[in-house]
Amino acid sequence: MPIRIVLAEDNLLVREGVRRLLEAQDGLELAAVCGDFEALLEAVEREHPDVVITDIRMPPTGTDEGIRAAEQIRASHPEVGVVVLSQYVEPEYALSLLAKGAAGRAYLLKERVSDIEQLVNAVREVARGGSVIDSKVVEALVQARTRKTDSPLRELTPRETEVLAAMAEGKNNAAIAARLFLTERAVEKHINSIFSKLGLQEEKDTHRRVRAALLYLADAR
């Protein structure tokens, strides 16, 4: 069964570009395309998609429609995954997206859209209840926390910092191991050390690990 998608983007050029990219992918079905907040909610009610891909800023206000749509969709259709696209590195929006749970939520920068594999991976991840956060957003949060002289992040080794960033992006242990050229056992040891140093209770569910990492990184920003 293909993953059914509703795409919401008010910029015509971006919308048509993403449409063509998605339509060329096996295993994905574009059910509807729209350009504003109300049209998105109507399309979700009408099409019952598996995943929504939405711009963060759309008419009528051009502020946070994508985040508000994700909240309403969680309330009315909790099984629907949402990928929010943003033009800027805005950690506050990413945290708002995850405030009531990270399951089935992704936050990517629009510049990633040109890398169709990354976008498709995010769609598939949220469709199965996982989470994905753009690495640049994670980096911004890490940098903000590391600047604080009393931050426990300063106790992390460079490798542990890399593992934490990958974990906050939603990657599982196997994916982290592949990225950093480590064994999965080594990744597990790094994660145990990270949670110990940061005083975080280890969570086995991937989306809970993402939320724990991000909320910690955002604390006292």
# chains A, B, ... in the order shown; residues from 1 in each chain; ligands from 1
$ residues_around --residues "region 163-166 of chain A" --least-positions-apart "6" --cutoff "10 Å" --atoms "only C-alpha atoms" --output "PyMOL selection string"
chain A and resi 132-139+141-142+153+156-157+172-173+175-177+179-180+187-188+190-191+194-195+209-210+213-214+217
$ write_last_selection --atoms "C-alpha atoms" --output "short mmCIF file (atom, residue, chain, number, x, y, z; two decimals), in the first residue's frame"
data_model
loop_
_atom_site.label_atom_id
_atom_site.label_comp_id
_atom_site.auth_asym_id
_atom_site.auth_seq_id
_atom_site.Cartn_x
_atom_site.Cartn_y
_atom_site.Cartn_z
CA VAL A 132 12.88 13.46 12.48
CA ILE A 133 14.41 16.82 13.37
CA ASP A 134 16.68 18.70 10.97
CA SER A 135 20.33 18.45 11.98
CA LYS A 136 20.79 22.24 11.70
CA VAL A 137 18.05 22.79 14.28
CA VAL A 138 19.73 20.29 16.59
CA GLU A 139 23.07 22.06 16.09
CA LEU A 141 20.14 23.96 20.23
CA VAL A 142 23.45 22.29 21.11
CA LEU A 153 26.74 19.30 27.76
CA LEU A 156 30.13 15.21 26.86
CA THR A 157 32.97 13.99 24.70
CA ASN A 172 17.97 4.68 15.73
CA ASN A 173 21.11 3.00 17.01
CA ALA A 175 21.57 4.47 11.73
CA ILE A 176 23.80 6.30 14.23
CA ALA A 177 26.34 3.50 14.01
CA ARG A 179 26.75 7.47 10.19
CA LEU A 180 29.57 7.55 12.72
CA VAL A 187 26.50 3.47 20.22
CA GLU A 188 24.59 1.91 23.12
CA HIS A 190 27.67 6.26 24.29
CA ILE A 191 23.92 6.69 24.78
CA ILE A 194 24.97 10.62 27.61
CA PHE A 195 21.83 9.92 29.61
CA ARG A 209 14.40 9.78 22.86
CA VAL A 210 14.04 12.61 20.36
CA ALA A 213 16.99 15.20 23.85
CA LEU A 214 15.33 18.26 22.34
CA LEU A 217 18.71 21.04 24.80
#
$ residues_around --residues "Val84 (chain A)" --least-positions-apart "2" --cutoff "7 Å" --atoms "only C-alpha atoms" --output "ChimeraX atom specification"
/A:53-56,66,82,86,106-108
$ select_by_dssp --residues "region 5-65 of chain A" --states "alpha helix (DSSP H)" --output "number ranges by chain"
A: 12-23, 37-47, 65
$ atom_distance --atom1 "CA of Ala43 (chain A)" --atom2 "CA of Val6 (chain A)"
7.1 Å
$ residues_around --residues "Ser131 (chain A)" --least-positions-apart "2" --cutoff "8 Å" --atoms "only C-alpha atoms" --output "PDB file with N, CA and C atoms, in the first residue's frame"
ATOM      1  N   ALA A 102       6.232  13.677  20.264  1.00  0.00           N
ATOM      2  CA  ALA A 102       7.061  13.702  19.061  1.00  0.00           C
ATOM      3  C   ALA A 102       6.695  12.613  18.058  1.00  0.00           C
ATOM      4  N   ALA A 103       5.852  11.675  18.452  1.00  0.00           N
ATOM      5  CA  ALA A 103       5.506  10.560  17.565  1.00  0.00           C
ATOM      6  C   ALA A 103       4.864  11.068  16.280  1.00  0.00           C
ATOM      7  N   GLY A 104       5.375  10.591  15.157  1.00  0.00           N
ATOM      8  CA  GLY A 104       4.787  10.936  13.874  1.00  0.00           C
ATOM      9  C   GLY A 104       4.982  12.381  13.465  1.00  0.00           C
ATOM     10  N   ARG A 105       6.084  13.016  13.912  1.00  0.00           N
ATOM     11  CA  ARG A 105       6.321  14.418  13.582  1.00  0.00           C
ATOM     12  C   ARG A 105       7.752  14.600  13.068  1.00  0.00           C
ATOM     13  N   ALA A 106       7.897  15.433  12.044  1.00  0.00           N
ATOM     14  CA  ALA A 106       9.216  15.755  11.501  1.00  0.00           C
ATOM     15  C   ALA A 106       9.290  17.253  11.235  1.00  0.00           C
ATOM     16  N   ALA A 122      11.925  11.051   5.711  1.00  0.00           N
ATOM     17  CA  ALA A 122      11.138  11.695   6.764  1.00  0.00           C
ATOM     18  C   ALA A 122       9.668  11.295   6.650  1.00  0.00           C
ATOM     19  N   GLU A 125       9.335   7.773   7.895  1.00  0.00           N
ATOM     20  CA  GLU A 125       9.549   7.685   9.335  1.00  0.00           C
ATOM     21  C   GLU A 125       8.307   8.125  10.106  1.00  0.00           C
ATOM     22  N   VAL A 126       7.713   9.264   9.727  1.00  0.00           N
ATOM     23  CA  VAL A 126       6.532   9.729  10.460  1.00  0.00           C
ATOM     24  C   VAL A 126       5.325   8.840  10.176  1.00  0.00           C
ATOM     25  N   GLY A 129       5.270   6.352  12.738  1.00  0.00           N
ATOM     26  CA  GLY A 129       5.223   6.856  14.104  1.00  0.00           C
ATOM     27  C   GLY A 129       6.522   7.376  14.657  1.00  0.00           C
ATOM     28  N   ILE A 133      14.163  15.404  13.188  1.00  0.00           N
ATOM     29  CA  ILE A 133      14.412  16.824  13.369  1.00  0.00           C
ATOM     30  C   ILE A 133      15.649  17.191  12.564  1.00  0.00           C
ATOM     31  N   GLU A 169      17.863  13.830  16.028  1.00  0.00           N
ATOM     32  CA  GLU A 169      17.311  13.831  14.676  1.00  0.00           C
ATOM     33  C   GLU A 169      16.330  12.678  14.469  1.00  0.00           C
ATOM     34  N   GLY A 170      16.291  11.746  15.418  1.00  0.00           N
ATOM     35  CA  GLY A 170      15.373  10.632  15.309  1.00  0.00           C
ATOM     36  C   GLY A 170      16.002   9.349  14.818  1.00  0.00           C
ATOM     37  N   THR A 206      11.946   5.466  20.087  1.00  0.00           N
ATOM     38  CA  THR A 206      12.730   6.459  19.372  1.00  0.00           C
ATOM     39  C   THR A 206      12.164   7.856  19.523  1.00  0.00           C
ATOM     40  N   HIS A 207      10.839   8.019  19.363  1.00  0.00           N
ATOM     41  CA  HIS A 207      10.286   9.369  19.417  1.00  0.00           C
ATOM     42  C   HIS A 207      10.416   9.968  20.809  1.00  0.00           C
ATOM     43  N   VAL A 210      13.952  11.332  21.052  1.00  0.00           N
ATOM     44  CA  VAL A 210      14.036  12.614  20.356  1.00  0.00           C
ATOM     45  C   VAL A 210      13.508  13.732  21.239  1.00  0.00           C
TER      46      VAL A 210
END
$ select_by_dssp --residues "chain A" --states "strand (DSSP E or B)" --output "PDB file with all heavy atoms, in the first residue's frame"
ATOM      1  N   ILE A   3       2.010   5.173   0.581  1.00  0.00           N
ATOM      2  CA  ILE A   3       1.764   6.176   1.616  1.00  0.00           C
ATOM      3  C   ILE A   3       1.046   7.353   0.966  1.00  0.00           C
ATOM      4  O   ILE A   3       1.571   7.988   0.047  1.00  0.00           O
ATOM      5  CB  ILE A   3       3.091   6.646   2.250  1.00  0.00           C
ATOM      6  CG1 ILE A   3       3.797   5.475   2.940  1.00  0.00           C
ATOM      7  CG2 ILE A   3       2.845   7.783   3.246  1.00  0.00           C
ATOM      8  CD1 ILE A   3       5.192   5.825   3.440  1.00  0.00           C
ATOM      9  N   ARG A   4      -0.158   7.638   1.450  1.00  0.00           N
ATOM     10  CA  ARG A   4      -0.953   8.730   0.881  1.00  0.00           C
ATOM     11  C   ARG A   4      -0.563  10.046   1.549  1.00  0.00           C
ATOM     12  O   ARG A   4      -0.513  10.135   2.778  1.00  0.00           O
ATOM     13  CB  ARG A   4      -2.459   8.469   1.062  1.00  0.00           C
ATOM     14  CG  ARG A   4      -2.982   7.377   0.135  1.00  0.00           C
ATOM     15  CD  ARG A   4      -4.409   6.987   0.469  1.00  0.00           C
ATOM     16  NE  ARG A   4      -5.307   8.126   0.606  1.00  0.00           N
ATOM     17  CZ  ARG A   4      -5.857   8.804  -0.417  1.00  0.00           C
ATOM     18  NH1 ARG A   4      -5.570   8.433  -1.659  1.00  0.00           N
ATOM     19  NH2 ARG A   4      -6.675   9.806  -0.198  1.00  0.00           N
ATOM     20  N   ILE A   5      -0.325  11.069   0.714  1.00  0.00           N
ATOM     21  CA  ILE A   5       0.207  12.342   1.199  1.00  0.00           C
ATOM     22  C   ILE A   5      -0.685  13.503   0.793  1.00  0.00           C
ATOM     23  O   ILE A   5      -1.176  13.557  -0.339  1.00  0.00           O
ATOM     24  CB  ILE A   5       1.625  12.584   0.644  1.00  0.00           C
ATOM     25  CG1 ILE A   5       2.571  11.472   1.104  1.00  0.00           C
ATOM     26  CG2 ILE A   5       2.154  13.951   1.059  1.00  0.00           C
ATOM     27  CD1 ILE A   5       3.921  11.511   0.411  1.00  0.00           C
ATOM     28  N   VAL A   6      -0.873  14.445   1.720  1.00  0.00           N
ATOM     29  CA  VAL A   6      -1.448  15.749   1.404  1.00  0.00           C
ATOM     30  C   VAL A   6      -0.326  16.768   1.531  1.00  0.00           C
ATOM     31  O   VAL A   6       0.359  16.826   2.561  1.00  0.00           O
ATOM     32  CB  VAL A   6      -2.615  16.118   2.341  1.00  0.00           C
ATOM     33  CG1 VAL A   6      -2.976  17.603   2.209  1.00  0.00           C
ATOM     34  CG2 VAL A   6      -3.841  15.268   2.020  1.00  0.00           C
ATOM     35  N   LEU A   7      -0.132  17.569   0.496  1.00  0.00           N
ATOM     36  CA  LEU A   7       0.917  18.585   0.465  1.00  0.00           C
ATOM     37  C   LEU A   7       0.295  19.972   0.585  1.00  0.00           C
ATOM     38  O   LEU A   7      -0.631  20.311  -0.166  1.00  0.00           O
ATOM     39  CB  LEU A   7       1.704  18.488  -0.844  1.00  0.00           C
ATOM     40  CG  LEU A   7       2.686  19.619  -1.156  1.00  0.00           C
ATOM     41  CD1 LEU A   7       3.816  19.654  -0.127  1.00  0.00           C
ATOM     42  CD2 LEU A   7       3.245  19.469  -2.577  1.00  0.00           C
ATOM     43  N   ALA A   8       0.797  20.781   1.529  1.00  0.00           N
ATOM     44  CA  ALA A   8       0.308  22.154   1.715  1.00  0.00           C
ATOM     45  C   ALA A   8       1.478  23.125   1.625  1.00  0.00           C
ATOM     46  O   ALA A   8       2.399  23.082   2.439  1.00  0.00           O
ATOM     47  CB  ALA A   8      -0.380  22.298   3.069  1.00  0.00           C
ATOM     48  N   LEU A  28       4.763   6.181  -2.896  1.00  0.00           N
ATOM     49  CA  LEU A  28       4.087   7.374  -2.402  1.00  0.00           C
ATOM     50  C   LEU A  28       2.944   7.738  -3.341  1.00  0.00           C
ATOM     51  O   LEU A  28       3.051   7.584  -4.554  1.00  0.00           O
ATOM     52  CB  LEU A  28       5.056   8.563  -2.312  1.00  0.00           C
ATOM     53  CG  LEU A  28       6.315   8.405  -1.465  1.00  0.00           C
ATOM     54  CD1 LEU A  28       7.092   9.710  -1.456  1.00  0.00           C
ATOM     55  CD2 LEU A  28       5.975   7.971  -0.048  1.00  0.00           C
ATOM     56  N   GLU A  29       1.858   8.223  -2.770  1.00  0.00           N
ATOM     57  CA  GLU A  29       0.702   8.654  -3.564  1.00  0.00           C
ATOM     58  C   GLU A  29       0.272  10.042  -3.090  1.00  0.00           C
ATOM     59  O   GLU A  29      -0.046  10.235  -1.919  1.00  0.00           O
ATOM     60  CB  GLU A  29      -0.465   7.675  -3.391  1.00  0.00           C
ATOM     61  CG  GLU A  29      -1.726   8.099  -4.123  1.00  0.00           C
ATOM     62  CD  GLU A  29      -2.896   7.171  -3.819  1.00  0.00           C
ATOM     63  OE1 GLU A  29      -2.638   6.000  -3.472  1.00  0.00           O
ATOM     64  OE2 GLU A  29      -4.046   7.628  -3.909  1.00  0.00           O
ATOM     65  N   LEU A  30       0.308  11.017  -4.006  1.00  0.00           N
ATOM     66  CA  LEU A  30      -0.086  12.376  -3.664  1.00  0.00           C
ATOM     67  C   LEU A  30      -1.597  12.497  -3.782  1.00  0.00           C
ATOM     68  O   LEU A  30      -2.152  12.512  -4.875  1.00  0.00           O
ATOM     69  CB  LEU A  30       0.611  13.372  -4.584  1.00  0.00           C
ATOM     70  CG  LEU A  30       0.608  14.834  -4.147  1.00  0.00           C
ATOM     71  CD1 LEU A  30       1.217  14.996  -2.763  1.00  0.00           C
ATOM     72  CD2 LEU A  30       1.359  15.688  -5.159  1.00  0.00           C
ATOM     73  N   ALA A  31      -2.272  12.574  -2.634  1.00  0.00           N
ATOM     74  CA  ALA A  31      -3.735  12.572  -2.621  1.00  0.00           C
ATOM     75  C   ALA A  31      -4.328  13.949  -2.872  1.00  0.00           C
ATOM     76  O   ALA A  31      -5.410  14.071  -3.448  1.00  0.00           O
ATOM     77  CB  ALA A  31      -4.237  12.038  -1.269  1.00  0.00           C
ATOM     78  N   ALA A  32      -3.633  14.998  -2.410  1.00  0.00           N
ATOM     79  CA  ALA A  32      -4.153  16.358  -2.571  1.00  0.00           C
ATOM     80  C   ALA A  32      -3.036  17.364  -2.407  1.00  0.00           C
ATOM     81  O   ALA A  32      -2.048  17.108  -1.710  1.00  0.00           O
ATOM     82  CB  ALA A  32      -5.261  16.644  -1.561  1.00  0.00           C
ATOM     83  N   VAL A  33      -3.199  18.525  -3.061  1.00  0.00           N
ATOM     84  CA  VAL A  33      -2.254  19.633  -2.957  1.00  0.00           C
ATOM     85  C   VAL A  33      -3.048  20.889  -2.658  1.00  0.00           C
ATOM     86  O   VAL A  33      -4.081  21.139  -3.294  1.00  0.00           O
ATOM     87  CB  VAL A  33      -1.445  19.808  -4.258  1.00  0.00           C
ATOM     88  CG1 VAL A  33      -0.508  21.011  -4.152  1.00  0.00           C
ATOM     89  CG2 VAL A  33      -0.655  18.551  -4.580  1.00  0.00           C
ATOM     90  N   CYS A  34      -2.601  21.690  -1.685  1.00  0.00           N
ATOM     91  CA  CYS A  34      -3.341  22.900  -1.323  1.00  0.00           C
ATOM     92  C   CYS A  34      -2.372  24.001  -0.900  1.00  0.00           C
ATOM     93  O   CYS A  34      -1.172  23.758  -0.751  1.00  0.00           O
ATOM     94  CB  CYS A  34      -4.352  22.611  -0.218  1.00  0.00           C
ATOM     95  SG  CYS A  34      -3.710  21.624   1.145  1.00  0.00           S
ATOM     96  N   VAL A  51       0.172  10.831   5.673  1.00  0.00           N
ATOM     97  CA  VAL A  51       1.148  11.864   6.033  1.00  0.00           C
ATOM     98  C   VAL A  51       0.756  13.200   5.408  1.00  0.00           C
ATOM     99  O   VAL A  51       0.272  13.243   4.274  1.00  0.00           O
ATOM    100  CB  VAL A  51       2.576  11.477   5.558  1.00  0.00           C
ATOM    101  CG1 VAL A  51       3.565  12.625   5.789  1.00  0.00           C
ATOM    102  CG2 VAL A  51       3.058  10.222   6.270  1.00  0.00           C
ATOM    103  N   VAL A  52       0.985  14.271   6.154  1.00  0.00           N
ATOM    104  CA  VAL A  52       0.841  15.632   5.651  1.00  0.00           C
ATOM    105  C   VAL A  52       2.226  16.256   5.576  1.00  0.00           C
ATOM    106  O   VAL A  52       3.021  16.147   6.514  1.00  0.00           O
ATOM    107  CB  VAL A  52      -0.061  16.481   6.572  1.00  0.00           C
ATOM    108  CG1 VAL A  52       0.079  17.972   6.263  1.00  0.00           C
ATOM    109  CG2 VAL A  52      -1.504  16.052   6.441  1.00  0.00           C
ATOM    110  N   ILE A  53       2.536  16.894   4.448  1.00  0.00           N
ATOM    111  CA  ILE A  53       3.739  17.716   4.324  1.00  0.00           C
ATOM    112  C   ILE A  53       3.260  19.160   4.227  1.00  0.00           C
ATOM    113  O   ILE A  53       2.514  19.504   3.312  1.00  0.00           O
ATOM    114  CB  ILE A  53       4.567  17.357   3.076  1.00  0.00           C
ATOM    115  CG1 ILE A  53       5.004  15.893   3.114  1.00  0.00           C
ATOM    116  CG2 ILE A  53       5.785  18.271   2.960  1.00  0.00           C
ATOM    117  CD1 ILE A  53       5.718  15.439   1.849  1.00  0.00           C
ATOM    118  N   THR A  54       3.663  19.999   5.171  1.00  0.00           N
ATOM    119  CA  THR A  54       3.138  21.362   5.199  1.00  0.00           C
ATOM    120  C   THR A  54       4.219  22.404   5.436  1.00  0.00           C
ATOM    121  O   THR A  54       5.142  22.191   6.225  1.00  0.00           O
ATOM    122  CB  THR A  54       2.040  21.505   6.277  1.00  0.00           C
ATOM    123  OG1 THR A  54       1.588  22.870   6.306  1.00  0.00           O
ATOM    124  CG2 THR A  54       2.549  21.128   7.655  1.00  0.00           C
ATOM    125  N   ASP A  55       4.075  23.521   4.741  1.00  0.00           N
ATOM    126  CA  ASP A  55       4.905  24.687   5.031  1.00  0.00           C
ATOM    127  C   ASP A  55       4.542  25.188   6.425  1.00  0.00           C
ATOM    128  O   ASP A  55       3.398  25.050   6.862  1.00  0.00           O
ATOM    129  CB  ASP A  55       4.616  25.766   3.988  1.00  0.00           C
ATOM    130  CG  ASP A  55       5.576  26.946   4.088  1.00  0.00           C
ATOM    131  OD1 ASP A  55       6.537  26.874   4.866  1.00  0.00           O
ATOM    132  OD2 ASP A  55       5.334  27.942   3.381  1.00  0.00           O
ATOM    133  N   GLY A  81       0.757  11.265  10.196  1.00  0.00           N
ATOM    134  CA  GLY A  81       2.066  11.864  10.419  1.00  0.00           C
ATOM    135  C   GLY A  81       2.138  13.240   9.772  1.00  0.00           C
ATOM    136  O   GLY A  81       1.436  13.512   8.794  1.00  0.00           O
ATOM    137  N   VAL A  82       2.987  14.104  10.306  1.00  0.00           N
ATOM    138  CA  VAL A  82       3.133  15.461   9.772  1.00  0.00           C
ATOM    139  C   VAL A  82       4.609  15.810   9.616  1.00  0.00           C
ATOM    140  O   VAL A  82       5.384  15.680  10.568  1.00  0.00           O
ATOM    141  CB  VAL A  82       2.456  16.510  10.677  1.00  0.00           C
ATOM    142  CG1 VAL A  82       2.663  17.919  10.099  1.00  0.00           C
ATOM    143  CG2 VAL A  82       0.971  16.218  10.830  1.00  0.00           C
ATOM    144  N   VAL A  83       4.974  16.249   8.413  1.00  0.00           N
ATOM    145  CA  VAL A  83       6.307  16.781   8.144  1.00  0.00           C
ATOM    146  C   VAL A  83       6.164  18.282   7.930  1.00  0.00           C
ATOM    147  O   VAL A  83       5.502  18.717   6.989  1.00  0.00           O
ATOM    148  CB  VAL A  83       6.938  16.140   6.890  1.00  0.00           C
ATOM    149  CG1 VAL A  83       8.306  16.763   6.604  1.00  0.00           C
ATOM    150  CG2 VAL A  83       7.053  14.634   7.049  1.00  0.00           C
ATOM    151  N   VAL A  84       6.762  19.083   8.811  1.00  0.00           N
ATOM    152  CA  VAL A  84       6.704  20.538   8.706  1.00  0.00           C
ATOM    153  C   VAL A  84       7.980  21.039   8.035  1.00  0.00           C
ATOM    154  O   VAL A  84       9.089  20.666   8.427  1.00  0.00           O
ATOM    155  CB  VAL A  84       6.541  21.198  10.092  1.00  0.00           C
ATOM    156  CG1 VAL A  84       6.659  22.718   9.989  1.00  0.00           C
ATOM    157  CG2 VAL A  84       5.207  20.813  10.705  1.00  0.00           C
ATOM    158  N   LEU A  85       7.812  21.886   7.020  1.00  0.00           N
ATOM    159  CA  LEU A  85       8.944  22.468   6.312  1.00  0.00           C
ATOM    160  C   LEU A  85       9.094  23.936   6.687  1.00  0.00           C
ATOM    161  O   LEU A  85       8.108  24.680   6.691  1.00  0.00           O
ATOM    162  CB  LEU A  85       8.747  22.355   4.797  1.00  0.00           C
ATOM    163  CG  LEU A  85       8.574  20.946   4.224  1.00  0.00           C
ATOM    164  CD1 LEU A  85       8.322  21.023   2.724  1.00  0.00           C
ATOM    165  CD2 LEU A  85       9.793  20.085   4.514  1.00  0.00           C
ATOM    166  N   SER A  86      10.311  24.348   7.006  1.00  0.00           N
ATOM    167  CA  SER A  86      10.559  25.735   7.402  1.00  0.00           C
ATOM    168  C   SER A  86      11.729  26.298   6.603  1.00  0.00           C
ATOM    169  O   SER A  86      12.679  25.588   6.283  1.00  0.00           O
ATOM    170  CB  SER A  86      10.875  25.820   8.897  1.00  0.00           C
ATOM    171  OG  SER A  86      11.220  27.142   9.267  1.00  0.00           O
ATOM    172  N   ARG A 105       6.084  13.016  13.912  1.00  0.00           N
ATOM    173  CA  ARG A 105       6.321  14.418  13.582  1.00  0.00           C
ATOM    174  C   ARG A 105       7.752  14.600  13.068  1.00  0.00           C
ATOM    175  O   ARG A 105       8.694  14.017  13.605  1.00  0.00           O
ATOM    176  CB  ARG A 105       6.098  15.317  14.797  1.00  0.00           C
ATOM    177  CG  ARG A 105       4.649  15.356  15.277  1.00  0.00           C
ATOM    178  CD  ARG A 105       3.749  16.011  14.254  1.00  0.00           C
ATOM    179  NE  ARG A 105       2.346  16.038  14.637  1.00  0.00           N
ATOM    180  CZ  ARG A 105       1.453  15.131  14.294  1.00  0.00           C
ATOM    181  NH1 ARG A 105       1.836  14.068  13.576  1.00  0.00           N
ATOM    182  NH2 ARG A 105       0.192  15.246  14.645  1.00  0.00           N
ATOM    183  N   ALA A 106       7.897  15.433  12.044  1.00  0.00           N
ATOM    184  CA  ALA A 106       9.216  15.755  11.501  1.00  0.00           C
ATOM    185  C   ALA A 106       9.290  17.253  11.235  1.00  0.00           C
ATOM    186  O   ALA A 106       8.287  17.884  10.888  1.00  0.00           O
ATOM    187  CB  ALA A 106       9.482  14.991  10.207  1.00  0.00           C
ATOM    188  N   TYR A 107      10.472  17.819  11.432  1.00  0.00           N
ATOM    189  CA  TYR A 107      10.713  19.239  11.191  1.00  0.00           C
ATOM    190  C   TYR A 107      11.964  19.345  10.335  1.00  0.00           C
ATOM    191  O   TYR A 107      13.062  19.020  10.785  1.00  0.00           O
ATOM    192  CB  TYR A 107      10.904  19.967  12.518  1.00  0.00           C
ATOM    193  CG  TYR A 107      10.988  21.477  12.409  1.00  0.00           C
ATOM    194  CD1 TYR A 107       9.858  22.274  12.560  1.00  0.00           C
ATOM    195  CD2 TYR A 107      12.203  22.112  12.180  1.00  0.00           C
ATOM    196  CE1 TYR A 107       9.933  23.650  12.473  1.00  0.00           C
ATOM    197  CE2 TYR A 107      12.286  23.494  12.082  1.00  0.00           C
ATOM    198  CZ  TYR A 107      11.154  24.250  12.236  1.00  0.00           C
ATOM    199  OH  TYR A 107      11.229  25.626  12.142  1.00  0.00           O
ATOM    200  N   LEU A 108      11.792  19.773   9.069  1.00  0.00           N
ATOM    201  CA  LEU A 108      12.901  19.872   8.124  1.00  0.00           C
ATOM    202  C   LEU A 108      13.011  21.280   7.568  1.00  0.00           C
ATOM    203  O   LEU A 108      12.005  21.991   7.448  1.00  0.00           O
ATOM    204  CB  LEU A 108      12.701  18.904   6.953  1.00  0.00           C
ATOM    205  CG  LEU A 108      12.704  17.403   7.223  1.00  0.00           C
ATOM    206  CD1 LEU A 108      12.509  16.661   5.901  1.00  0.00           C
ATOM    207  CD2 LEU A 108      13.987  16.961   7.898  1.00  0.00           C
ATOM    208  N   LEU A 109      14.215  21.671   7.209  1.00  0.00           N
ATOM    209  CA  LEU A 109      14.407  22.928   6.503  1.00  0.00           C
ATOM    210  C   LEU A 109      14.066  22.726   5.028  1.00  0.00           C
ATOM    211  O   LEU A 109      14.291  21.660   4.460  1.00  0.00           O
ATOM    212  CB  LEU A 109      15.849  23.396   6.639  1.00  0.00           C
ATOM    213  CG  LEU A 109      16.311  23.726   8.063  1.00  0.00           C
ATOM    214  CD1 LEU A 109      17.751  24.224   8.045  1.00  0.00           C
ATOM    215  CD2 LEU A 109      15.403  24.753   8.719  1.00  0.00           C
ATOM    216  N   SER A 131      10.124  10.018  14.462  1.00  0.00           N
ATOM    217  CA  SER A 131      10.358  11.461  14.504  1.00  0.00           C
ATOM    218  C   SER A 131      11.654  11.800  13.784  1.00  0.00           C
ATOM    219  O   SER A 131      12.607  11.034  13.823  1.00  0.00           O
ATOM    220  CB  SER A 131      10.466  11.958  15.947  1.00  0.00           C
ATOM    221  OG  SER A 131       9.375  11.542  16.714  1.00  0.00           O
ATOM    222  N   VAL A 132      11.680  12.978  13.158  1.00  0.00           N
ATOM    223  CA  VAL A 132      12.878  13.456  12.483  1.00  0.00           C
ATOM    224  C   VAL A 132      12.993  14.959  12.726  1.00  0.00           C
ATOM    225  O   VAL A 132      12.031  15.694  12.507  1.00  0.00           O
ATOM    226  CB  VAL A 132      12.838  13.198  10.958  1.00  0.00           C
ATOM    227  CG1 VAL A 132      14.092  13.759  10.290  1.00  0.00           C
ATOM    228  CG2 VAL A 132      12.698  11.714  10.657  1.00  0.00           C
ATOM    229  N   ILE A 133      14.163  15.404  13.188  1.00  0.00           N
ATOM    230  CA  ILE A 133      14.412  16.824  13.369  1.00  0.00           C
ATOM    231  C   ILE A 133      15.649  17.191  12.564  1.00  0.00           C
ATOM    232  O   ILE A 133      16.671  16.502  12.629  1.00  0.00           O
ATOM    233  CB  ILE A 133      14.632  17.183  14.854  1.00  0.00           C
ATOM    234  CG1 ILE A 133      13.429  16.743  15.683  1.00  0.00           C
ATOM    235  CG2 ILE A 133      14.856  18.692  15.014  1.00  0.00           C
ATOM    236  CD1 ILE A 133      12.118  17.401  15.308  1.00  0.00           C
TER     237      ILE A 133
END
$ closest_residue --among "A:Leu21, A:Ala186, A:Asp115, A:Arg57" --to "Ala174 (chain A)" --atoms "only C-alpha atoms"
A:Ala186
$ closest_residue --among "A:Ser76, A:Ser114, A:Thr61, A:Ser193" --to "Val18 (chain A)" --atoms "only C-alpha atoms"
A:Ser114
$ atom_distance --atom1 "CA of His48 (chain A)" --atom2 "CA of Ala168 (chain A)"
28.9 Å
$ residues_around --residues "Glu155 (chain A)" --least-positions-apart "3" --cutoff "9 Å" --atoms "only C-alpha atoms" --output "count of residues only"
4
$ atom_distance --atom1 "CA of Arg20 (chain A)" --atom2 "CA of Leu119 (chain A)"
13.0 Å
$ closest_residue --among "A:Ile73, A:Pro2, A:Glu79, A:Glu184" --to "Arg128 (chain A)" --atoms "only C-alpha atoms"
A:Glu79
